[in-house]
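Here's the structure, in structure tokens; my notes come after.
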Amino acid sequence: MIHELLSLVLAVASLTAPSAAPAYQVLVFSKTAGFRHDSIPAGIQAIRELGAANNFTVTATEDGGAFTGANLAGYKAVVFLNTTGDVLNDTQQAAFQSYVDSGGGYLGVHAAADTEYGWPYYEKLAGAWFKGHPAIQQASVRTENRAHPATAHLGPAWTRTDEWYNYRTNPRPSVRVLQSLDESSYSGGDMGDHPITWCHPQGQGHAFYTGLGHTIESYADPAFRDELLGGIRYAAGVAKADCRPEAGYTTLYNGSTSGWSQAGPGSFANADATLSSQGGMGLLWYSAKELGSYSLKLDWKLTGDSNSGVFVGFPASSDPQSAIDNGYEVQIDATDTPDRTTGAIYGFKAADQAARDAALNPPGEWNTYELLVEGERLQVFLNGIKINDFTNTDPRRSLRQGHVGIQNHSASDQVAFRNIRIKELTGGGTVTVEGESYTSGSGVQVATHTPASGGKTLGYVDNGDWAGYSQVGTAGATRFSARISSGGAGGTIQVRSGSATGTLLGSVAVPSTGGWETFQNVSTTLTGSAAGPLFLVFTGGSGSLFDIDTLALESSATPTF
């Protein structure tokens with residue numbers, strides 16, 4: 001018992017360790033072969049001051065000779081501060097590309113987009129090349145992502161004066177846009193959709209660019225200095241963020257709680273497009289619509305060792321206990337047993353703790369979840385990294401249809417949420433279930449076999465028997481597969497929709513495997529079209545034909561909007 005308690009204490013300590021990162025080095029590169037910004041000295045000084053206050057050391061250079069593999073290896077990130085023109089030769093370019101793709105960081109400021117026009121990799125790294133700009137003037141900057149460490153401190157809109165670049169191409173399809181310009185707020189914008197700050201993974205490294213930073217005054221602005229700091233921390237891999245491109249999502253919450261209902265005690269305060277938990281234990285759930293296959297994204301932040309979670313796949317109810325009993329909770333909690341900490345499917349499956357810990361920002365900082373639900377499969381991504389992969393096999397629960405919600409656990413548990421958005425999928429992904437999880441049937445029984453998943457199979461299958469799976473829909477189904485065993489003669493599985501005599505989608509032969517505990521996979525392409533629940537009909541000779549351990553139905557996935 002003492003050893004177990006010590007292990008738990010050590011695990012808790014590792015999750016609540018101070019957030020300060022080890023000291024690291026940042027290289028600031030400001031070489032110009034074209035226009036030279038008079039704000040470069042102010043920018044270098046600002047980054048030096050940020051480093052002194054935040055545990056990183058700055059080396060400033062205008063020497064392309066610094067771009068060697070050996071030298072770059074000493075830096076967590078390289079800042080291109082208002083560089084212009086052709087500033088690196090071919091050898092230096094190759095060294096820098098290898099550095100970033102192998103895990104280094106790039107941060108481009110303003111005229112970094114007016115750099116290296118002859119190097120296609122650099123356009124991809126920076127995100128877009130400079131096209132032109134109007135006169136310096138005031139504009140409204142929209143904050144599209146308020147979870148990234150560079151922009152979490154900003155409100156939904158920020159009015160400031162700078163030189164506003166237009167770009168040759170719109171980078172949005174290949175980056176995560178953090179800020180964009182409201183072109184109606186100034187003169188000279190020509191892009192329509194006008195990203196101005198963005199980030200993206202690059203190989204194993206991180207890339208960040210902001211079009212802000214032309215003026216000397218920018219580098220004395222606390223809000224812009226915080227943006228630079230967040231960008232440096234992200235590029236250096238010290239702060240985590242989901243910088244994958246994002247498109248096709250519909251807002252469920254970004255300031256308005258229309259369509260949401262509170263179940264149980266407590267509530268969420270709604271201010272500054274942020275939901276902050278109060279009291280509990282209750283659940284704020286999206287009552288406007290049940291959801292099937294979807295990608296749900298939301299930003300969250302804990303205060304200290306607090307407790308919350310995101311519920312999925314539960315029926316409509318004014319009782320928050322219904323979500324616990326009938327749905328699944330993706331946990332948010334810094335300290336608990338592995339199956340009850342951040343990223344766990346609460347009480348069912350722990351997160352990959354190594355992946356989770358590498359992706360997690362500590363309490364007090366924002367994180368982003370993506371919960372990808374496809375049929376009965378639930379995948380959890382934390383700041384863009386997959387940390388859990390769970391498949392429901394409980395016939396009493398189903399992820400195929402249900403509501404989503406966020407928990408207010410208690411008065412002492414403080415959690416905030418921002419920017420809850422959804423992308424619905426139709427008939428998407430692969431649904432995998434246990435053979436013995438049938439919800440109706442004729443002739444079949446559950447059999448026990450140690451090598452089987454969960455130690456059990458669908459067994460005692462004779463000619464003419466069938467099994468129905470109400471939790472598995474056949475809409476869009478393209479392929480069926482099963483893990484089977486047979487100590488008999490084998491037979492055939494007919495895949496049907498709606499009933500045991502419904503539309504035939506396809507059939508697959510099941511061979512004898514030489515024993516009831518010797519398993520192999522069989523599969524077939526499905527060509528029929530239907531939308532009802534899955535039914536399997538079994539045919540063959542006399543006696544027991546085969547057992548089914550697990551079965552999977554693959555279907556096409558397309559966004560509904």
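Identifiers in this document derive from the order of the structure tokens: chains are assigned A, B, ..., residues are numbered from 1 separately in each chain, and ligands are numbered from 1 in order of occurrence.
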
### Query
Could you name the residues that touch Thr68 (chain A) at 8 Å or less, counting only C-alpha atoms, but leaving out those on the same chain fewer than 3 positions away, as number ranges by chain?
A: 65, 71-72, 92, 95-96

### Message
Give me, as a PyMOL selection string, all polymer residues having an atom no more than 6 Å from region 136-149 of chain A, counting only C-alpha atoms and skipping those fewer than 5 positions away in the same chain.
### Response
chain A and resi 156-163+178-182+185-186+230+241+366

Contacts of Gln445 (chain A) at 12 Å (only C-alpha atoms; same-chain gap of 5+ positions) as a JSON list (two decimals) with N, CA, C and O atoms, in the first residue's frame:
[["chain", "number", "residue", "atom", "x", "y", "z"],
["A", 435, "GLY", "N", -18.55, -8.81, -31.51],
["A", 435, "GLY", "CA", -19.56, -9.68, -32.10],
["A", 435, "GLY", "C", -20.68, -10.01, -31.13],
["A", 435, "GLY", "O", -21.85, -10.07, -31.52],
["A", 436, "GLU", "N", -20.34, -10.18, -29.86],
["A", 436, "GLU", "CA", -21.32, -10.59, -28.86],
["A", 436, "GLU", "C", -22.19, -9.42, -28.39],
["A", 436, "GLU", "O", -23.08, -9.62, -27.54],
["A", 437, "SER", "N", -21.99, -8.20, -28.93],
["A", 437, "SER", "CA", -22.78, -7.05, -28.50],
["A", 437, "SER", "C", -24.06, -6.91, -29.33],
["A", 437, "SER", "O", -24.66, -5.83, -29.36],
["A", 438, "TYR", "N", -24.52, -7.99, -29.98],
["A", 438, "TYR", "CA", -25.73, -7.93, -30.78],
["A", 438, "TYR", "C", -26.92, -7.54, -29.90],
["A", 438, "TYR", "O", -26.99, -7.88, -28.70],
["A", 439, "THR", "N", -27.87, -6.81, -30.49],
["A", 439, "THR", "CA", -29.04, -6.36, -29.74],
["A", 439, "THR", "C", -30.29, -7.16, -30.07],
["A", 439, "THR", "O", -31.33, -7.01, -29.41],
["A", 440, "SER", "N", -30.22, -7.98, -31.10],
["A", 440, "SER", "CA", -31.28, -8.92, -31.41],
["A", 440, "SER", "C", -30.66, -10.09, -32.15],
["A", 440, "SER", "O", -29.55, -9.98, -32.67],
["A", 456, "LYS", "N", -14.66, -13.08, -25.24],
["A", 456, "LYS", "CA", -15.95, -13.62, -25.66],
["A", 456, "LYS", "C", -16.15, -13.41, -27.16],
["A", 456, "LYS", "O", -15.55, -12.52, -27.76],
["A", 457, "THR", "N", -17.04, -14.23, -27.75],
["A", 457, "THR", "CA", -17.39, -14.11, -29.17],
["A", 457, "THR", "C", -18.90, -14.28, -29.35],
["A", 457, "THR", "O", -19.61, -14.72, -28.43],
["A", 458, "LEU", "N", -19.36, -13.94, -30.54],
["A", 458, "LEU", "CA", -20.68, -14.39, -30.99],
["A", 458, "LEU", "C", -20.49, -15.82, -31.46],
["A", 458, "LEU", "O", -19.71, -16.09, -32.39],
["A", 459, "GLY", "N", -21.18, -16.79, -30.83],
["A", 459, "GLY", "CA", -20.92, -18.19, -31.14],
["A", 459, "GLY", "C", -22.18, -19.01, -31.33],
["A", 459, "GLY", "O", -23.29, -18.49, -31.39],
["A", 460, "TYR", "N", -21.96, -20.32, -31.45],
["A", 460, "TYR", "CA", -23.03, -21.29, -31.64],
["A", 460, "TYR", "C", -23.85, -20.94, -32.89],
["A", 460, "TYR", "O", -25.08, -20.98, -32.90],
["A", 461, "VAL", "N", -23.12, -20.56, -33.95],
["A", 461, "VAL", "CA", -23.75, -20.11, -35.19],
["A", 461, "VAL", "C", -24.08, -21.30, -36.07],
["A", 461, "VAL", "O", -23.18, -22.08, -36.45],
["A", 462, "ASP", "N", -25.35, -21.45, -36.41],
["A", 462, "ASP", "CA", -25.80, -22.50, -37.32],
["A", 462, "ASP", "C", -26.39, -21.86, -38.58],
["A", 462, "ASP", "O", -26.67, -20.66, -38.63],
["A", 465, "ASP", "N", -29.10, -18.81, -38.84],
["A", 465, "ASP", "CA", -29.09, -17.90, -37.68],
["A", 465, "ASP", "C", -28.79, -16.47, -38.13],
["A", 465, "ASP", "O", -28.24, -16.24, -39.22],
["A", 466, "TRP", "N", -29.11, -15.50, -37.26],
["A", 466, "TRP", "CA", -28.80, -14.11, -37.58],
["A", 466, "TRP", "C", -28.58, -13.31, -36.30],
["A", 466, "TRP", "O", -28.99, -13.74, -35.21],
["A", 467, "ALA", "N", -27.97, -12.14, -36.48],
["A", 467, "ALA", "CA", -27.74, -11.22, -35.35],
["A", 467, "ALA", "C", -27.92, -9.79, -35.85],
["A", 467, "ALA", "O", -27.48, -9.45, -36.96],
["A", 544, "SER", "N", -22.15, -26.34, -36.05],
["A", 544, "SER", "CA", -21.64, -25.00, -35.77],
["A", 544, "SER", "C", -20.72, -24.55, -36.89],
["A", 544, "SER", "O", -19.80, -25.28, -37.29],
["A", 546, "PHE", "N", -19.10, -21.06, -37.39],
["A", 546, "PHE", "CA", -17.96, -20.19, -37.06],
["A", 546, "PHE", "C", -18.35, -19.29, -35.89],
["A", 546, "PHE", "O", -19.54, -19.21, -35.52],
["A", 547, "ASP", "N", -17.39, -18.60, -35.31],
["A", 547, "ASP", "CA", -17.60, -17.58, -34.28],
["A", 547, "ASP", "C", -17.14, -16.22, -34.84],
["A", 547, "ASP", "O", -16.25, -16.16, -35.70],
["A", 548, "ILE", "N", -17.72, -15.14, -34.31],
["A", 548, "ILE", "CA", -17.28, -13.79, -34.67],
["A", 548, "ILE", "C", -16.80, -13.09, -33.40],
["A", 548, "ILE", "O", -17.55, -12.95, -32.43]]

### Summary
What separates CA of His206 (chain A) and CA of Pro173 (chain A) is a distance of 16.8 Å

Who sits within 12 Å of Leu551 (chain A), only C-alpha atoms, same chain under 2 positions skipped, as a PDB file with N, CA, C and O atoms, in the first residue's frame:
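The file below, out.pdb, is the result:
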ATOM      1  N   THR A 393     -18.251  -0.534 -26.639  1.00  0.00           N
ATOM      2  CA  THR A 393     -18.773  -1.887 -26.876  1.00  0.00           C
ATOM      3  C   THR A 393     -19.926  -2.206 -25.937  1.00  0.00           C
ATOM      4  O   THR A 393     -20.383  -3.345 -25.881  1.00  0.00           O
ATOM      5  N   THR A 430     -14.911   4.306 -39.369  1.00  0.00           N
ATOM      6  CA  THR A 430     -15.055   2.871 -39.177  1.00  0.00           C
ATOM      7  C   THR A 430     -15.656   2.607 -37.808  1.00  0.00           C
ATOM      8  O   THR A 430     -15.134   3.071 -36.799  1.00  0.00           O
ATOM      9  N   VAL A 431     -16.755   1.880 -37.780  1.00  0.00           N
ATOM     10  CA  VAL A 431     -17.402   1.493 -36.537  1.00  0.00           C
ATOM     11  C   VAL A 431     -16.988   0.062 -36.225  1.00  0.00           C
ATOM     12  O   VAL A 431     -17.179  -0.842 -37.035  1.00  0.00           O
ATOM     13  N   THR A 432     -16.398  -0.129 -35.050  1.00  0.00           N
ATOM     14  CA  THR A 432     -15.973  -1.459 -34.626  1.00  0.00           C
ATOM     15  C   THR A 432     -16.731  -1.857 -33.373  1.00  0.00           C
ATOM     16  O   THR A 432     -16.789  -1.079 -32.409  1.00  0.00           O
ATOM     17  N   VAL A 433     -17.336  -3.037 -33.379  1.00  0.00           N
ATOM     18  CA  VAL A 433     -18.064  -3.525 -32.205  1.00  0.00           C
ATOM     19  C   VAL A 433     -17.698  -4.980 -31.948  1.00  0.00           C
ATOM     20  O   VAL A 433     -17.198  -5.689 -32.830  1.00  0.00           O
ATOM     21  N   GLU A 434     -17.951  -5.407 -30.741  1.00  0.00           N
ATOM     22  CA  GLU A 434     -17.765  -6.814 -30.386  1.00  0.00           C
ATOM     23  C   GLU A 434     -18.887  -7.641 -31.016  1.00  0.00           C
ATOM     24  O   GLU A 434     -20.053  -7.225 -31.045  1.00  0.00           O
ATOM     25  N   GLY A 435     -18.550  -8.812 -31.512  1.00  0.00           N
ATOM     26  CA  GLY A 435     -19.563  -9.676 -32.104  1.00  0.00           C
ATOM     27  C   GLY A 435     -20.678 -10.014 -31.133  1.00  0.00           C
ATOM     28  O   GLY A 435     -21.854 -10.073 -31.516  1.00  0.00           O
ATOM     29  N   GLU A 436     -20.336 -10.183 -29.863  1.00  0.00           N
ATOM     30  CA  GLU A 436     -21.322 -10.586 -28.861  1.00  0.00           C
ATOM     31  C   GLU A 436     -22.191  -9.425 -28.390  1.00  0.00           C
ATOM     32  O   GLU A 436     -23.077  -9.616 -27.536  1.00  0.00           O
ATOM     33  N   SER A 437     -21.986  -8.204 -28.932  1.00  0.00           N
ATOM     34  CA  SER A 437     -22.785  -7.054 -28.498  1.00  0.00           C
ATOM     35  C   SER A 437     -24.056  -6.912 -29.331  1.00  0.00           C
ATOM     36  O   SER A 437     -24.661  -5.831 -29.355  1.00  0.00           O
ATOM     37  N   TYR A 438     -24.518  -7.990 -29.984  1.00  0.00           N
ATOM     38  CA  TYR A 438     -25.732  -7.933 -30.776  1.00  0.00           C
ATOM     39  C   TYR A 438     -26.924  -7.544 -29.896  1.00  0.00           C
ATOM     40  O   TYR A 438     -26.991  -7.878 -28.702  1.00  0.00           O
ATOM     41  N   SER A 453     -11.156 -10.851 -28.207  1.00  0.00           N
ATOM     42  CA  SER A 453     -11.258  -9.535 -27.592  1.00  0.00           C
ATOM     43  C   SER A 453     -12.310  -9.583 -26.493  1.00  0.00           C
ATOM     44  O   SER A 453     -13.460  -9.966 -26.738  1.00  0.00           O
ATOM     45  N   THR A 457     -17.041 -14.229 -27.755  1.00  0.00           N
ATOM     46  CA  THR A 457     -17.394 -14.107 -29.167  1.00  0.00           C
ATOM     47  C   THR A 457     -18.896 -14.280 -29.346  1.00  0.00           C
ATOM     48  O   THR A 457     -19.610 -14.718 -28.430  1.00  0.00           O
ATOM     49  N   LEU A 458     -19.362 -13.940 -30.543  1.00  0.00           N
ATOM     50  CA  LEU A 458     -20.677 -14.388 -30.995  1.00  0.00           C
ATOM     51  C   LEU A 458     -20.489 -15.825 -31.457  1.00  0.00           C
ATOM     52  O   LEU A 458     -19.706 -16.086 -32.388  1.00  0.00           O
ATOM     53  N   ALA A 467     -27.967 -12.143 -36.476  1.00  0.00           N
ATOM     54  CA  ALA A 467     -27.738 -11.219 -35.350  1.00  0.00           C
ATOM     55  C   ALA A 467     -27.922  -9.792 -35.851  1.00  0.00           C
ATOM     56  O   ALA A 467     -27.484  -9.449 -36.957  1.00  0.00           O
ATOM     57  N   TYR A 469     -27.592  -5.498 -34.973  1.00  0.00           N
ATOM     58  CA  TYR A 469     -26.798  -4.530 -34.213  1.00  0.00           C
ATOM     59  C   TYR A 469     -27.438  -3.148 -34.401  1.00  0.00           C
ATOM     60  O   TYR A 469     -27.117  -2.411 -35.347  1.00  0.00           O
ATOM     61  N   VAL A 472     -25.320   0.062 -34.866  1.00  0.00           N
ATOM     62  CA  VAL A 472     -24.482   0.241 -36.053  1.00  0.00           C
ATOM     63  C   VAL A 472     -25.371   0.529 -37.257  1.00  0.00           C
ATOM     64  O   VAL A 472     -26.161  -0.324 -37.679  1.00  0.00           O
ATOM     65  N   ARG A 479     -17.466  -1.048 -46.662  1.00  0.00           N
ATOM     66  CA  ARG A 479     -16.660  -2.249 -46.438  1.00  0.00           C
ATOM     67  C   ARG A 479     -17.017  -2.886 -45.105  1.00  0.00           C
ATOM     68  O   ARG A 479     -17.250  -2.187 -44.117  1.00  0.00           O
ATOM     69  N   PHE A 480     -17.051  -4.208 -45.071  1.00  0.00           N
ATOM     70  CA  PHE A 480     -17.298  -4.984 -43.853  1.00  0.00           C
ATOM     71  C   PHE A 480     -16.108  -5.891 -43.589  1.00  0.00           C
ATOM     72  O   PHE A 480     -15.547  -6.487 -44.519  1.00  0.00           O
ATOM     73  N   SER A 481     -15.717  -5.974 -42.325  1.00  0.00           N
ATOM     74  CA  SER A 481     -14.659  -6.915 -41.951  1.00  0.00           C
ATOM     75  C   SER A 481     -14.998  -7.527 -40.606  1.00  0.00           C
ATOM     76  O   SER A 481     -15.761  -6.965 -39.809  1.00  0.00           O
ATOM     77  N   ALA A 482     -14.445  -8.710 -40.354  1.00  0.00           N
ATOM     78  CA  ALA A 482     -14.698  -9.410 -39.098  1.00  0.00           C
ATOM     79  C   ALA A 482     -13.499 -10.273 -38.733  1.00  0.00           C
ATOM     80  O   ALA A 482     -12.774 -10.755 -39.616  1.00  0.00           O
ATOM     81  N   ARG A 483     -13.299 -10.416 -37.436  1.00  0.00           N
ATOM     82  CA  ARG A 483     -12.288 -11.345 -36.912  1.00  0.00           C
ATOM     83  C   ARG A 483     -13.042 -12.611 -36.510  1.00  0.00           C
ATOM     84  O   ARG A 483     -13.908 -12.563 -35.633  1.00  0.00           O
ATOM     85  N   ILE A 484     -12.706 -13.716 -37.160  1.00  0.00           N
ATOM     86  CA  ILE A 484     -13.510 -14.935 -37.009  1.00  0.00           C
ATOM     87  C   ILE A 484     -12.626 -16.115 -36.599  1.00  0.00           C
ATOM     88  O   ILE A 484     -11.393 -16.081 -36.727  1.00  0.00           O
ATOM     89  N   ILE A 493     -21.108 -15.044 -44.320  1.00  0.00           N
ATOM     90  CA  ILE A 493     -21.796 -13.963 -43.600  1.00  0.00           C
ATOM     91  C   ILE A 493     -22.452 -13.064 -44.645  1.00  0.00           C
ATOM     92  O   ILE A 493     -21.782 -12.516 -45.517  1.00  0.00           O
ATOM     93  N   VAL A 495     -24.280  -9.534 -45.211  1.00  0.00           N
ATOM     94  CA  VAL A 495     -24.394  -8.221 -44.569  1.00  0.00           C
ATOM     95  C   VAL A 495     -25.657  -7.557 -45.106  1.00  0.00           C
ATOM     96  O   VAL A 495     -25.763  -7.262 -46.302  1.00  0.00           O
ATOM     97  N   GLN A 520      -8.697 -15.318 -37.554  1.00  0.00           N
ATOM     98  CA  GLN A 520      -8.176 -14.587 -38.699  1.00  0.00           C
ATOM     99  C   GLN A 520      -9.226 -13.588 -39.159  1.00  0.00           C
ATOM    100  O   GLN A 520     -10.377 -13.618 -38.702  1.00  0.00           O
ATOM    101  N   ASN A 521      -8.833 -12.665 -40.037  1.00  0.00           N
ATOM    102  CA  ASN A 521      -9.739 -11.621 -40.506  1.00  0.00           C
ATOM    103  C   ASN A 521     -10.289 -11.941 -41.887  1.00  0.00           C
ATOM    104  O   ASN A 521      -9.578 -12.495 -42.726  1.00  0.00           O
ATOM    105  N   VAL A 522     -11.536 -11.595 -42.105  1.00  0.00           N
ATOM    106  CA  VAL A 522     -12.153 -11.677 -43.419  1.00  0.00           C
ATOM    107  C   VAL A 522     -12.792 -10.323 -43.712  1.00  0.00           C
ATOM    108  O   VAL A 522     -13.169  -9.594 -42.799  1.00  0.00           O
ATOM    109  N   SER A 523     -12.921  -9.985 -44.992  1.00  0.00           N
ATOM    110  CA  SER A 523     -13.512  -8.694 -45.326  1.00  0.00           C
ATOM    111  C   SER A 523     -14.102  -8.741 -46.726  1.00  0.00           C
ATOM    112  O   SER A 523     -13.762  -9.617 -47.533  1.00  0.00           O
ATOM    113  N   THR A 524     -14.969  -7.768 -47.005  1.00  0.00           N
ATOM    114  CA  THR A 524     -15.570  -7.660 -48.323  1.00  0.00           C
ATOM    115  C   THR A 524     -15.996  -6.231 -48.586  1.00  0.00           C
ATOM    116  O   THR A 524     -16.330  -5.484 -47.653  1.00  0.00           O
ATOM    117  N   LEU A 534     -27.550  -2.527 -38.873  1.00  0.00           N
ATOM    118  CA  LEU A 534     -26.829  -3.671 -39.424  1.00  0.00           C
ATOM    119  C   LEU A 534     -27.420  -4.994 -38.955  1.00  0.00           C
ATOM    120  O   LEU A 534     -27.701  -5.179 -37.759  1.00  0.00           O
ATOM    121  N   PHE A 535     -27.592  -5.904 -39.896  1.00  0.00           N
ATOM    122  CA  PHE A 535     -27.966  -7.282 -39.586  1.00  0.00           C
ATOM    123  C   PHE A 535     -27.013  -8.218 -40.313  1.00  0.00           C
ATOM    124  O   PHE A 535     -26.651  -7.973 -41.473  1.00  0.00           O
ATOM    125  N   LEU A 536     -26.614  -9.294 -39.643  1.00  0.00           N
ATOM    126  CA  LEU A 536     -25.769 -10.329 -40.229  1.00  0.00           C
ATOM    127  C   LEU A 536     -26.549 -11.640 -40.263  1.00  0.00           C
ATOM    128  O   LEU A 536     -27.127 -12.049 -39.245  1.00  0.00           O
ATOM    129  N   ASP A 547     -17.391 -18.598 -35.307  1.00  0.00           N
ATOM    130  CA  ASP A 547     -17.601 -17.576 -34.285  1.00  0.00           C
ATOM    131  C   ASP A 547     -17.136 -16.225 -34.838  1.00  0.00           C
ATOM    132  O   ASP A 547     -16.252 -16.163 -35.696  1.00  0.00           O
ATOM    133  N   ILE A 548     -17.718 -15.141 -34.314  1.00  0.00           N
ATOM    134  CA  ILE A 548     -17.279 -13.785 -34.665  1.00  0.00           C
ATOM    135  C   ILE A 548     -16.796 -13.092 -33.398  1.00  0.00           C
ATOM    136  O   ILE A 548     -17.552 -12.947 -32.429  1.00  0.00           O
ATOM    137  N   ASP A 549     -15.536 -12.656 -33.437  1.00  0.00           N
ATOM    138  CA  ASP A 549     -14.957 -11.946 -32.305  1.00  0.00           C
ATOM    139  C   ASP A 549     -15.326 -10.460 -32.361  1.00  0.00           C
ATOM    140  O   ASP A 549     -16.068  -9.945 -31.529  1.00  0.00           O
ATOM    141  N   LEU A 553     -17.535  -1.922 -39.646  1.00  0.00           N
ATOM    142  CA  LEU A 553     -18.215  -1.413 -40.827  1.00  0.00           C
ATOM    143  C   LEU A 553     -17.582  -0.072 -41.172  1.00  0.00           C
ATOM    144  O   LEU A 553     -17.585   0.863 -40.371  1.00  0.00           O
ATOM    145  N   GLU A 554     -17.004  -0.006 -42.348  1.00  0.00           N
ATOM    146  CA  GLU A 554     -16.345   1.217 -42.801  1.00  0.00           C
ATOM    147  C   GLU A 554     -17.279   1.969 -43.732  1.00  0.00           C
ATOM    148  O   GLU A 554     -17.935   1.374 -44.584  1.00  0.00           O
TER     149      GLU A 554
END

Which residues of region 44-160 of chain A sit at most 10 Å from region 24-39 of chain A, using only C-alpha atoms? Give each one's shortest atom pair and distance in Å (one decimal place), in chain and ascending residue order, as JSON lines.
{"residue": "A:Ile44", "atom": "CA", "partner": "A:Val28", "partner_atom": "CA", "distance": 7.2}
{"residue": "A:Ile47", "atom": "CA", "partner": "A:Val28", "partner_atom": "CA", "distance": 8.4}
{"residue": "A:Arg48", "atom": "CA", "partner": "A:Val28", "partner_atom": "CA", "distance": 9.4}
{"residue": "A:Gly51", "atom": "CA", "partner": "A:Val26", "partner_atom": "CA", "distance": 8.4}
{"residue": "A:Asn54", "atom": "CA", "partner": "A:Tyr24", "partner_atom": "CA", "distance": 9.8}
{"residue": "A:Asn55", "atom": "CA", "partner": "A:Tyr24", "partner_atom": "CA", "distance": 6.9}
{"residue": "A:Phe56", "atom": "CA", "partner": "A:Tyr24", "partner_atom": "CA", "distance": 4.8}
{"residue": "A:Thr57", "atom": "CA", "partner": "A:Gln25", "partner_atom": "CA", "distance": 4.9}
{"residue": "A:Val58", "atom": "CA", "partner": "A:Val26", "partner_atom": "CA", "distance": 5.0}
{"residue": "A:Thr59", "atom": "CA", "partner": "A:Leu27", "partner_atom": "CA", "distance": 4.9}
{"residue": "A:Ala60", "atom": "CA", "partner": "A:Val28", "partner_atom": "CA", "distance": 4.6}
{"residue": "A:Thr61", "atom": "CA", "partner": "A:Phe29", "partner_atom": "CA", "distance": 5.2}
{"residue": "A:Glu62", "atom": "CA", "partner": "A:Lys31", "partner_atom": "CA", "distance": 4.4}
{"residue": "A:Asp63", "atom": "CA", "partner": "A:Lys31", "partner_atom": "CA", "distance": 7.0}
{"residue": "A:Gly64", "atom": "CA", "partner": "A:Lys31", "partner_atom": "CA", "distance": 7.8}
{"residue": "A:Ala66", "atom": "CA", "partner": "A:Phe29", "partner_atom": "CA", "distance": 9.1}
{"residue": "A:Phe67", "atom": "CA", "partner": "A:Phe29", "partner_atom": "CA", "distance": 9.9}
{"residue": "A:Leu72", "atom": "CA", "partner": "A:Leu27", "partner_atom": "CA", "distance": 8.3}
{"residue": "A:Ala73", "atom": "CA", "partner": "A:Gln25", "partner_atom": "CA", "distance": 9.9}
{"residue": "A:Gly74", "atom": "CA", "partner": "A:Gln25", "partner_atom": "CA", "distance": 6.8}
{"residue": "A:Tyr75", "atom": "CA", "partner": "A:Gln25", "partner_atom": "CA", "distance": 4.8}
{"residue": "A:Lys76", "atom": "CA", "partner": "A:Gln25", "partner_atom": "CA", "distance": 5.9}
{"residue": "A:Ala77", "atom": "CA", "partner": "A:Val26", "partner_atom": "CA", "distance": 5.2}
{"residue": "A:Val78", "atom": "CA", "partner": "A:Leu27", "partner_atom": "CA", "distance": 4.7}
{"residue": "A:Val79", "atom": "CA", "partner": "A:Val28", "partner_atom": "CA", "distance": 4.7}
{"residue": "A:Phe80", "atom": "CA", "partner": "A:Phe29", "partner_atom": "CA", "distance": 5.1}
{"residue": "A:Leu81", "atom": "CA", "partner": "A:Ser30", "partner_atom": "CA", "distance": 5.0}
{"residue": "A:Asn82", "atom": "CA", "partner": "A:Ser30", "partner_atom": "CA", "distance": 6.1}
{"residue": "A:Thr83", "atom": "CA", "partner": "A:Thr32", "partner_atom": "CA", "distance": 5.0}
{"residue": "A:Thr84", "atom": "CA", "partner": "A:Thr32", "partner_atom": "CA", "distance": 4.7}
{"residue": "A:Gly85", "atom": "CA", "partner": "A:Ala33", "partner_atom": "CA", "distance": 4.7}
{"residue": "A:Asp86", "atom": "CA", "partner": "A:Ala33", "partner_atom": "CA", "distance": 6.1}
{"residue": "A:Val87", "atom": "CA", "partner": "A:Lys31", "partner_atom": "CA", "distance": 6.3}
{"residue": "A:Leu88", "atom": "CA", "partner": "A:Lys31", "partner_atom": "CA", "distance": 9.2}
{"residue": "A:Gly105", "atom": "CA", "partner": "A:Val26", "partner_atom": "CA", "distance": 9.3}
{"residue": "A:Tyr106", "atom": "CA", "partner": "A:Leu27", "partner_atom": "CA", "distance": 9.8}
{"residue": "A:Leu107", "atom": "CA", "partner": "A:Val28", "partner_atom": "CA", "distance": 9.3}
{"residue": "A:Gly108", "atom": "CA", "partner": "A:Phe29", "partner_atom": "CA", "distance": 9.8}
{"residue": "A:Val109", "atom": "CA", "partner": "A:Ser30", "partner_atom": "CA", "distance": 9.9}
{"residue": "A:His110", "atom": "CA", "partner": "A:His37", "partner_atom": "CA", "distance": 10.0}
{"residue": "A:Ala111", "atom": "CA", "partner": "A:His37", "partner_atom": "CA", "distance": 8.5}
{"residue": "A:Ala112", "atom": "CA", "partner": "A:Ser30", "partner_atom": "CA", "distance": 9.0}
{"residue": "A:Asp114", "atom": "CA", "partner": "A:Gly34", "partner_atom": "CA", "distance": 8.7}
{"residue": "A:Thr115", "atom": "CA", "partner": "A:Thr32", "partner_atom": "CA", "distance": 8.6}
{"residue": "A:Glu116", "atom": "CA", "partner": "A:Ala33", "partner_atom": "CA", "distance": 9.8}

### Task
Extract, using only C-alpha atoms, all DNA, RNA and protein residues at most 12 Å from Val404 (chain A), discarding same-chain residues fewer than 3 positions from it, and format them as JSON, numbers by chain.
{"A": [252, 259, 260, 261, 283, 284, 285, 286, 287, 288, 289, 290, 291, 292, 293, 294, 295, 296, 297, 298, 309, 310, 311, 312, 313, 314, 315, 316, 317, 320, 323, 324, 326, 327, 328, 329, 330, 371, 373, 399, 401, 407, 420, 421, 422]}

### Query
If you run DSSP on this backbone, which residues of region 118-197 of chain A come out as strand (DSSP E or B), and could you give them as a ChimeraX atom specification?
/A:130-132,137-143,157-162,166-167,176-182,195-197

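Shortest atom-to-atom contact with Ser529 (chain A) among A:Ala359, A:Ala269, A:Leu505, A:Ala21: A:Leu505, counting only C-alpha atoms.
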